[in-house]
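Below is input-v3.cif, which holds mmCIF, C-alpha atoms.
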data_run
loop_
_atom_site.group_PDB
_atom_site.id
_atom_site.type_symbol
_atom_site.label_atom_id
_atom_site.label_comp_id
_atom_site.auth_asym_id
_atom_site.auth_seq_id
_atom_site.Cartn_x
_atom_site.Cartn_y
_atom_site.Cartn_z
ATOM 1 C CA MET S 21 92.686 157.074 56.911
ATOM 2 C CA ASN S 22 94.891 155.124 59.341
ATOM 3 C CA LYS S 23 97.945 157.266 60.086
ATOM 4 C CA ASN S 24 99.553 154.302 61.855
ATOM 5 C CA ALA S 25 100.604 153.164 58.367
ATOM 6 C CA MET S 26 103.394 155.752 58.682
ATOM 7 C CA PHE S 27 104.966 153.619 61.420
ATOM 8 C CA ASN S 28 105.594 150.889 58.834
ATOM 9 C CA ILE S 29 108.033 153.132 56.968
ATOM 10 C CA GLU S 30 111.480 152.169 58.246
ATOM 11 C CA TYR S 31 113.615 154.891 59.786
ATOM 12 C CA GLY S 32 117.006 155.051 61.418
ATOM 13 C CA LEU S 33 117.684 156.985 64.617
ATOM 14 C CA TYR S 34 120.423 159.561 64.888
ATOM 15 C CA VAL S 35 121.902 162.256 67.102
ATOM 16 C CA ILE S 36 122.346 165.491 65.176
ATOM 17 C CA THR S 37 124.837 167.923 66.719
ATOM 18 C CA THR S 38 125.763 171.505 65.967
ATOM 19 C CA LYS S 39 127.479 174.491 67.564
ATOM 20 C CA ASP S 40 127.113 178.253 67.832
ATOM 21 C CA GLY S 41 130.101 179.826 69.582
ATOM 22 C CA ASP S 42 130.453 177.987 72.893
ATOM 23 C CA ASN S 43 126.948 176.542 72.631
ATOM 24 C CA ASP S 44 127.188 172.839 71.679
ATOM 25 C CA ASN S 45 123.824 171.210 71.206
ATOM 26 C CA GLY S 46 122.224 168.070 69.851
ATOM 27 C CA CYS S 47 118.969 166.159 69.609
ATOM 28 C CA ILE S 48 117.480 162.885 68.366
ATOM 29 C CA ILE S 49 116.097 162.791 64.818
ATOM 30 C CA ASN S 50 114.786 160.000 62.595
ATOM 31 C CA THR S 51 114.922 161.632 59.176
ATOM 32 C CA VAL S 52 118.269 161.370 57.405
ATOM 33 C CA SER S 53 118.499 160.292 53.768
ATOM 34 C CA GLN S 54 121.115 160.331 51.055
ATOM 35 C CA VAL S 55 119.644 162.284 48.144
ATOM 36 C CA THR S 56 122.507 162.324 45.604
ATOM 37 C CA ASP S 57 125.832 160.548 45.135
ATOM 38 C CA SER S 58 127.656 163.087 42.991
ATOM 39 C CA PRO S 59 127.784 165.567 44.619
ATOM 40 C CA LEU S 60 127.320 163.599 47.832
ATOM 41 C CA ARG S 61 124.312 165.158 49.571
ATOM 42 C CA ILE S 62 121.917 164.257 52.370
ATOM 43 C CA SER S 63 118.617 165.583 53.653
ATOM 44 C CA VAL S 64 117.755 165.997 57.337
ATOM 45 C CA THR S 65 114.506 167.206 58.850
ATOM 46 C CA VAL S 66 114.502 168.897 62.267
ATOM 47 C CA ASN S 67 111.583 170.035 64.435
ATOM 48 C CA LYS S 68 111.477 173.811 64.872
ATOM 49 C CA GLU S 69 110.869 173.362 68.623
ATOM 50 C CA ASN S 70 114.466 172.173 69.037
ATOM 51 C CA LEU S 71 117.315 174.588 69.763
ATOM 52 C CA THR S 72 119.421 172.418 67.447
ATOM 53 C CA HIS S 73 117.148 173.517 64.592
ATOM 54 C CA ASP S 74 117.795 177.202 65.279
ATOM 55 C CA ILE S 75 121.568 176.731 65.440
ATOM 56 C CA ILE S 76 121.694 174.745 62.188
ATOM 57 C CA LYS S 77 119.567 177.408 60.508
ATOM 58 C CA LYS S 78 122.022 180.071 61.713
ATOM 59 C CA THR S 79 125.361 178.298 61.126
ATOM 60 C CA GLY S 80 124.538 175.860 58.317
ATOM 61 C CA LEU S 81 126.701 173.130 59.884
ATOM 62 C CA PHE S 82 125.906 169.851 61.624
ATOM 63 C CA ASN S 83 127.130 166.338 62.349
ATOM 64 C CA ILE S 84 125.062 163.169 62.284
ATOM 65 C CA SER S 85 125.953 160.302 64.641
ATOM 66 C CA VAL S 86 124.384 157.084 63.332
ATOM 67 C CA LEU S 87 123.215 155.252 66.464
ATOM 68 C CA SER S 88 124.055 151.553 66.739
ATOM 69 C CA THR S 89 122.212 148.721 68.461
ATOM 70 C CA ASP S 90 124.375 148.984 71.592
ATOM 71 C CA ALA S 91 122.767 152.381 72.328
ATOM 72 C CA ASP S 92 120.674 152.265 75.500
ATOM 73 C CA PHE S 93 117.591 154.217 76.529
ATOM 74 C CA GLU S 94 119.695 156.752 78.458
ATOM 75 C CA ILE S 95 121.030 158.171 75.166
ATOM 76 C CA PHE S 96 117.490 158.731 73.913
ATOM 77 C CA LYS S 97 116.467 160.323 77.211
ATOM 78 C CA HIS S 98 119.551 162.557 77.252
ATOM 79 C CA PHE S 99 119.307 163.842 73.676
ATOM 80 C CA GLY S 100 115.570 163.460 73.068
ATOM 81 C CA PHE S 101 113.653 164.128 76.272
ATOM 82 C CA GLN S 102 115.228 167.379 77.458
ATOM 83 C CA SER S 103 115.799 170.748 75.878
ATOM 84 C CA GLY S 104 119.165 172.259 75.002
ATOM 85 C CA ARG S 105 117.647 175.568 76.091
ATOM 86 C CA GLU S 106 117.766 174.253 79.665
ATOM 87 C CA LYS S 107 120.719 171.828 79.687
ATOM 88 C CA GLU S 108 124.140 171.681 78.015
ATOM 89 C CA LYS S 109 123.688 168.194 76.599
ATOM 90 C CA LEU S 110 127.228 167.732 75.271
ATOM 91 C CA LYS S 111 129.099 169.112 78.269
ATOM 92 C CA ASN S 112 131.061 166.271 79.910
ATOM 93 C CA TYR S 113 129.113 163.675 77.918
ATOM 94 C CA PRO S 114 131.234 160.503 77.527
ATOM 95 C CA GLY S 115 132.758 159.544 74.182
ATOM 96 C CA ILE S 116 132.392 162.937 72.494
ATOM 97 C CA LEU S 117 134.958 163.690 69.783
ATOM 98 C CA ASN S 118 135.262 166.521 67.264
ATOM 99 C CA SER S 119 135.363 166.147 63.499
ATOM 100 C CA ALA S 120 137.252 168.384 61.053
ATOM 101 C CA ASN S 121 134.412 170.942 61.053
ATOM 102 C CA GLY S 122 134.899 171.508 64.810
ATOM 103 C CA LEU S 123 131.566 169.922 65.754
ATOM 104 C CA SER S 124 130.975 167.080 68.179
ATOM 105 C CA TYR S 125 129.929 163.534 67.368
ATOM 106 C CA LEU S 126 129.339 160.418 69.477
ATOM 107 C CA SER S 127 132.218 157.951 69.237
ATOM 108 C CA GLU S 128 130.379 155.449 71.450
ATOM 109 C CA CYS S 129 127.067 153.739 70.618
ATOM 110 C CA SER S 130 127.241 154.965 67.035
ATOM 111 C CA ASN S 131 128.713 153.240 63.996
ATOM 112 C CA ALA S 132 129.441 156.271 61.794
ATOM 113 C CA PHE S 133 129.385 160.032 61.662
ATOM 114 C CA ILE S 134 128.555 162.330 58.757
ATOM 115 C CA SER S 135 129.331 166.055 58.570
ATOM 116 C CA GLY S 136 127.025 168.296 56.582
ATOM 117 C CA LYS S 137 127.058 171.855 55.236
ATOM 118 C CA VAL S 138 123.588 173.204 54.440
ATOM 119 C CA ILE S 139 122.989 174.352 50.867
ATOM 120 C CA SER S 140 119.208 174.821 51.024
ATOM 121 C CA MET S 141 116.299 174.913 53.478
ATOM 122 C CA THR S 142 112.600 174.221 52.986
ATOM 123 C CA ASP S 143 109.984 175.249 55.544
ATOM 124 C CA LEU S 144 107.654 172.301 56.213
ATOM 125 C CA GLY S 145 105.499 173.950 58.873
ATOM 126 C CA THR S 146 106.497 172.200 62.108
ATOM 127 C CA HIS S 147 109.899 171.165 60.693
ATOM 128 C CA THR S 148 112.604 172.433 58.360
ATOM 129 C CA LEU S 149 114.105 170.234 55.657
ATOM 130 C CA PHE S 150 117.833 170.866 55.264
ATOM 131 C CA ILE S 151 119.722 169.708 52.158
ATOM 132 C CA ALA S 152 123.450 169.523 52.820
ATOM 133 C CA ASP S 153 126.720 168.677 51.116
ATOM 134 C CA VAL S 154 128.599 165.909 52.950
ATOM 135 C CA THR S 155 131.947 167.424 53.941
ATOM 136 C CA ASP S 156 133.302 164.514 55.998
ATOM 137 C CA SER S 157 132.256 161.026 57.098
ATOM 138 C CA GLU S 158 133.755 158.012 58.809
ATOM 139 C CA VAL S 159 132.733 154.461 59.680
ATOM 140 C CA LEU S 160 133.446 153.911 63.388
ATOM 141 C CA ASN S 161 132.623 150.210 63.695
ATOM 142 C CA GLU S 162 130.638 147.406 62.061
ATOM 143 C CA LYS S 163 127.712 147.276 64.503
ATOM 144 C CA GLU S 164 124.160 147.379 63.123
ATOM 145 C CA SER S 165 122.300 150.686 63.003
ATOM 146 C CA VAL S 166 119.295 151.283 65.264
ATOM 147 C CA THR S 167 116.028 151.411 63.364
ATOM 148 C CA TYR S 168 112.815 152.876 64.693
ATOM 149 C CA SER S 169 111.397 149.371 64.875
ATOM 150 C CA TYR S 170 114.408 148.070 66.856
ATOM 151 C CA TYR S 171 114.119 151.008 69.263
ATOM 152 C CA HIS S 172 110.464 150.264 69.989
ATOM 153 C CA LYS S 173 111.026 146.504 70.392
ATOM 154 C CA PHE S 174 114.277 146.389 72.337
ATOM 155 C CA ILE S 175 115.293 149.795 73.761
ATOM 156 C CA LYS S 176 112.217 151.810 74.782
ATOM 157 C CA PRO S 177 110.836 150.679 78.168
ATOM 158 C CA ARG S 178 107.293 149.363 78.184
ATOM 159 C CA PRO S 179 104.909 151.936 79.687
ATOM 160 C CA ASN S 180 103.328 151.112 83.023
ATOM 161 C CA ASP S 181 99.832 152.559 82.722
ATOM 162 C CA GLU S 182 97.897 150.143 84.941
ATOM 163 C CA LYS S 183 96.452 152.923 87.105
ATOM 164 C CA LYS S 184 96.548 155.748 84.580
ATOM 165 C CA SER S 185 93.963 156.910 82.102
ATOM 166 C CA GLY S 186 94.239 159.456 79.364
ATOM 167 C CA TYR S 187 96.365 159.374 76.213
ATOM 168 C CA ARG S 188 99.774 157.818 75.530
ATOM 169 C CA CYS S 189 102.291 159.080 72.972
ATOM 170 C CA LYS S 190 102.950 156.263 70.501
ATOM 171 C CA ILE S 191 106.431 157.659 69.869
ATOM 172 C CA CYS S 192 107.976 157.957 73.345
ATOM 173 C CA GLY S 193 105.358 156.618 75.788
ATOM 174 C CA TYR S 194 104.575 159.921 77.564
ATOM 175 C CA ILE S 195 101.124 159.815 79.201
ATOM 176 C CA TYR S 196 98.775 162.799 79.189
ATOM 177 C CA GLU S 197 96.301 162.371 82.028
ATOM 178 C CA GLY S 198 92.929 163.922 81.260
ATOM 179 C CA ASP S 199 90.171 163.938 78.704
ATOM 180 C CA PRO S 200 89.926 165.189 76.077
ATOM 181 C CA LEU S 201 93.429 165.573 74.683
ATOM 182 C CA PRO S 202 93.710 169.109 73.255
ATOM 183 C CA GLU S 203 93.965 169.097 69.451
ATOM 184 C CA ASP S 204 97.047 171.336 69.573
ATOM 185 C CA PHE S 205 98.804 169.316 72.294
ATOM 186 C CA ILE S 206 102.544 168.768 71.739
ATOM 187 C CA CYS S 207 104.339 165.982 73.604
ATOM 188 C CA PRO S 208 106.750 167.646 76.061
ATOM 189 C CA LEU S 209 109.274 164.842 75.565
ATOM 190 C CA CYS S 210 109.476 164.021 71.860
ATOM 191 C CA LYS S 211 107.619 167.053 70.421
ATOM 192 C CA HIS S 212 105.087 165.006 68.410
ATOM 193 C CA GLY S 213 101.524 166.263 68.088
ATOM 194 C CA ALA S 214 98.135 165.008 69.267
ATOM 195 C CA SER S 215 97.737 162.754 66.189
ATOM 196 C CA ASP S 216 100.508 160.525 67.602
ATOM 197 C CA PHE S 217 98.649 159.852 70.858
ATOM 198 C CA GLU S 218 96.341 156.918 71.594
ATOM 199 C CA LYS S 219 93.639 156.618 74.233
ATOM 200 C CA ILE S 220 94.475 154.372 77.204
#
Taking this structure as input, can you express it in the form of structure tokens?
Amino acid sequence: MNKNAMFNIEYGLYVITTKDGDNDNGCIINTVSQVTDSPLRISVTVNKENLTHDIIKKTGLFNISVLSTDADFEIFKHFGFQSGREKEKLKNYPGILNSANGLSYLSECSNAFISGKVISMTDLGTHTLFIADVTDSEVLNEKESVTYSYYHKFIKPRPNDEKKSGYRCKICGYIYEGDPLPEDFICPLCKHGASDFEKI
């Protein structure tokens, strides 16, 4: 079986934000889908390693910022390559606005936001699938949405591994130096497992 076939499924890229008291948090996800039109519902899947996951599970509320093609790599580094357990990602971040549910969304480098209220949760092992009613949404501009393919072709820097050996994460480019790669290894940047690494 060639698991690389999964990379041919097209995904968008999003910042999901939530809040617990004074704790605003957010992270990058690539799994948002509309599941019904009436009632209007979406599904989102969030890695359990993320603090954002724990807050959504507790509060049942989130916002999705749909990233647009003017998003640069710094957004992905800021929301995807550091933990909300160690840094307040939304504090003083430019272009942050609040929607009617009191949660933040990105008004810059995103073309829409969607507010969700969780109605069910399914444990998927490493992730939780949240099904949510859409409580608010707005189109911010007409720019194209970032797809996973666009991110890899035009936004993510090319890795410089001329003098390195080991394994490279096919998702974010992180390099694990050493051999062998532990079977239970989790990428410290994007939280993907050993199956998403390739030997270099």
Atom-to-atom span, atom CA of S:Ile206 and atom CA of S:Ala91, Å: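 These atoms are spaced 26.0 Å apart.
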Around the point (103.5, 165.3, 69.4), in the coordinates given by the file, pick out the residues reaching within 12 Å, counting all atoms listed in the file, and return them as a PDB file with C-alpha atoms, in the frame of the given file.
ATOM      1  CA  ASN S  67     111.583 170.035  64.435  1.00  0.00           C
ATOM      2  CA  GLU S  69     110.869 173.362  68.623  1.00  0.00           C
ATOM      3  CA  THR S 146     106.497 172.200  62.108  1.00  0.00           C
ATOM      4  CA  TYR S 187      96.365 159.374  76.213  1.00  0.00           C
ATOM      5  CA  ARG S 188      99.774 157.818  75.530  1.00  0.00           C
ATOM      6  CA  CYS S 189     102.291 159.080  72.972  1.00  0.00           C
ATOM      7  CA  LYS S 190     102.950 156.263  70.501  1.00  0.00           C
ATOM      8  CA  ILE S 191     106.431 157.659  69.869  1.00  0.00           C
ATOM      9  CA  CYS S 192     107.976 157.957  73.345  1.00  0.00           C
ATOM     10  CA  GLY S 193     105.358 156.618  75.788  1.00  0.00           C
ATOM     11  CA  TYR S 194     104.575 159.921  77.564  1.00  0.00           C
ATOM     12  CA  ILE S 195     101.124 159.815  79.201  1.00  0.00           C
ATOM     13  CA  TYR S 196      98.775 162.799  79.189  1.00  0.00           C
ATOM     14  CA  LEU S 201      93.429 165.573  74.683  1.00  0.00           C
ATOM     15  CA  PRO S 202      93.710 169.109  73.255  1.00  0.00           C
ATOM     16  CA  GLU S 203      93.965 169.097  69.451  1.00  0.00           C
ATOM     17  CA  ASP S 204      97.047 171.336  69.573  1.00  0.00           C
ATOM     18  CA  PHE S 205      98.804 169.316  72.294  1.00  0.00           C
ATOM     19  CA  ILE S 206     102.544 168.768  71.739  1.00  0.00           C
ATOM     20  CA  CYS S 207     104.339 165.982  73.604  1.00  0.00           C
ATOM     21  CA  PRO S 208     106.750 167.646  76.061  1.00  0.00           C
ATOM     22  CA  LEU S 209     109.274 164.842  75.565  1.00  0.00           C
ATOM     23  CA  CYS S 210     109.476 164.021  71.860  1.00  0.00           C
ATOM     24  CA  LYS S 211     107.619 167.053  70.421  1.00  0.00           C
ATOM     25  CA  HIS S 212     105.087 165.006  68.410  1.00  0.00           C
ATOM     26  CA  GLY S 213     101.524 166.263  68.088  1.00  0.00           C
ATOM     27  CA  ALA S 214      98.135 165.008  69.267  1.00  0.00           C
ATOM     28  CA  SER S 215      97.737 162.754  66.189  1.00  0.00           C
ATOM     29  CA  ASP S 216     100.508 160.525  67.602  1.00  0.00           C
ATOM     30  CA  PHE S 217      98.649 159.852  70.858  1.00  0.00           C
ATOM     31  CA  GLU S 218      96.341 156.918  71.594  1.00  0.00           C
TER      32      GLU S 218
END
Nearest residue to S:Asn121 from the set S:Lys23, S:His147, S:His172, S:Lys39 (distances using only C-alpha atoms): S:Lys39
Selection near S:Ser103, 10 Å with only C-alpha atoms, sequence-local residues under 3 positions removed, as number ranges by chain: S: 45-47, 69-72, 98-100, 106-109, 208-209
Expansion of the PyMOL selection byres ((chain S and resi 82) around 12) into residues, as a ChimeraX atom specification: /S:35-40,44-47,62-64,66,72-81,83-85,118-125,133-138,150-157
Residues as selected, C-alpha atoms, written as an mmCIF file, in the frame of the given file, can you do that?
data_model
loop_
_atom_site.group_PDB
_atom_site.id
_atom_site.type_symbol
_atom_site.label_atom_id
_atom_site.label_comp_id
_atom_site.auth_asym_id
_atom_site.auth_seq_id
_atom_site.Cartn_x
_atom_site.Cartn_y
_atom_site.Cartn_z
ATOM 1 C CA VAL S 35 121.902 162.256 67.102
ATOM 2 C CA ILE S 36 122.346 165.491 65.176
ATOM 3 C CA THR S 37 124.837 167.923 66.719
ATOM 4 C CA THR S 38 125.763 171.505 65.967
ATOM 5 C CA LYS S 39 127.479 174.491 67.564
ATOM 6 C CA ASP S 40 127.113 178.253 67.832
ATOM 7 C CA ASP S 44 127.188 172.839 71.679
ATOM 8 C CA ASN S 45 123.824 171.210 71.206
ATOM 9 C CA GLY S 46 122.224 168.070 69.851
ATOM 10 C CA CYS S 47 118.969 166.159 69.609
ATOM 11 C CA ILE S 62 121.917 164.257 52.370
ATOM 12 C CA SER S 63 118.617 165.583 53.653
ATOM 13 C CA VAL S 64 117.755 165.997 57.337
ATOM 14 C CA VAL S 66 114.502 168.897 62.267
ATOM 15 C CA THR S 72 119.421 172.418 67.447
ATOM 16 C CA HIS S 73 117.148 173.517 64.592
ATOM 17 C CA ASP S 74 117.795 177.202 65.279
ATOM 18 C CA ILE S 75 121.568 176.731 65.440
ATOM 19 C CA ILE S 76 121.694 174.745 62.188
ATOM 20 C CA LYS S 77 119.567 177.408 60.508
ATOM 21 C CA LYS S 78 122.022 180.071 61.713
ATOM 22 C CA THR S 79 125.361 178.298 61.126
ATOM 23 C CA GLY S 80 124.538 175.860 58.317
ATOM 24 C CA LEU S 81 126.701 173.130 59.884
ATOM 25 C CA ASN S 83 127.130 166.338 62.349
ATOM 26 C CA ILE S 84 125.062 163.169 62.284
ATOM 27 C CA SER S 85 125.953 160.302 64.641
ATOM 28 C CA ASN S 118 135.262 166.521 67.264
ATOM 29 C CA SER S 119 135.363 166.147 63.499
ATOM 30 C CA ALA S 120 137.252 168.384 61.053
ATOM 31 C CA ASN S 121 134.412 170.942 61.053
ATOM 32 C CA GLY S 122 134.899 171.508 64.810
ATOM 33 C CA LEU S 123 131.566 169.922 65.754
ATOM 34 C CA SER S 124 130.975 167.080 68.179
ATOM 35 C CA TYR S 125 129.929 163.534 67.368
ATOM 36 C CA PHE S 133 129.385 160.032 61.662
ATOM 37 C CA ILE S 134 128.555 162.330 58.757
ATOM 38 C CA SER S 135 129.331 166.055 58.570
ATOM 39 C CA GLY S 136 127.025 168.296 56.582
ATOM 40 C CA LYS S 137 127.058 171.855 55.236
ATOM 41 C CA VAL S 138 123.588 173.204 54.440
ATOM 42 C CA PHE S 150 117.833 170.866 55.264
ATOM 43 C CA ILE S 151 119.722 169.708 52.158
ATOM 44 C CA ALA S 152 123.450 169.523 52.820
ATOM 45 C CA ASP S 153 126.720 168.677 51.116
ATOM 46 C CA VAL S 154 128.599 165.909 52.950
ATOM 47 C CA THR S 155 131.947 167.424 53.941
ATOM 48 C CA ASP S 156 133.302 164.514 55.998
ATOM 49 C CA SER S 157 132.256 161.026 57.098
#
Residues in the PyMOL selection byres ((chain S and resi 198) around 6), expressed as a PyMOL selection string: chain S and resi 186+197+199
Atomic distance atom CA of S:Gly115 - atom CA of S:Glu158, expressed in Å with one decimal: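 That distance, rounded to one decimal, is 15.5 Å.
Atom CA of S:Leu144 is found 15.3 Å from atom CA of S:Val52.
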Option closest in space to S:Ser127, from S:Ile49, S:Leu87, S:Leu33, S:Thr56 [counting only C-alpha atoms]: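 The closest residue to S:Ser127 is S:Leu87.
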Hits of the PyMOL selection byres ((chain S and resi 130) around 7) in this structure, as a VMD selection string: chain S and resid 85 to 88 126 to 129 131 to 132
Store the residues picked out above, limited to C-alpha atoms, as a JSON list (two decimals), in the coordinates of the input.
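Just written: selection-v3.json:
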[["chain", "number", "residue", "atom", "x", "y", "z"],
["S", 85, "SER", "CA", 125.95, 160.30, 64.64],
["S", 86, "VAL", "CA", 124.38, 157.08, 63.33],
["S", 87, "LEU", "CA", 123.22, 155.25, 66.46],
["S", 88, "SER", "CA", 124.06, 151.55, 66.74],
["S", 126, "LEU", "CA", 129.34, 160.42, 69.48],
["S", 127, "SER", "CA", 132.22, 157.95, 69.24],
["S", 128, "GLU", "CA", 130.38, 155.45, 71.45],
["S", 129, "CYS", "CA", 127.07, 153.74, 70.62],
["S", 131, "ASN", "CA", 128.71, 153.24, 64.00],
["S", 132, "ALA", "CA", 129.44, 156.27, 61.79]]
Near-S:Phe174 list (10 Å; all atoms listed in the file; drop same-chain fewer than 3 positions) as a PyMOL selection string: chain S and resi 89+92-93+166+169-171+177-178
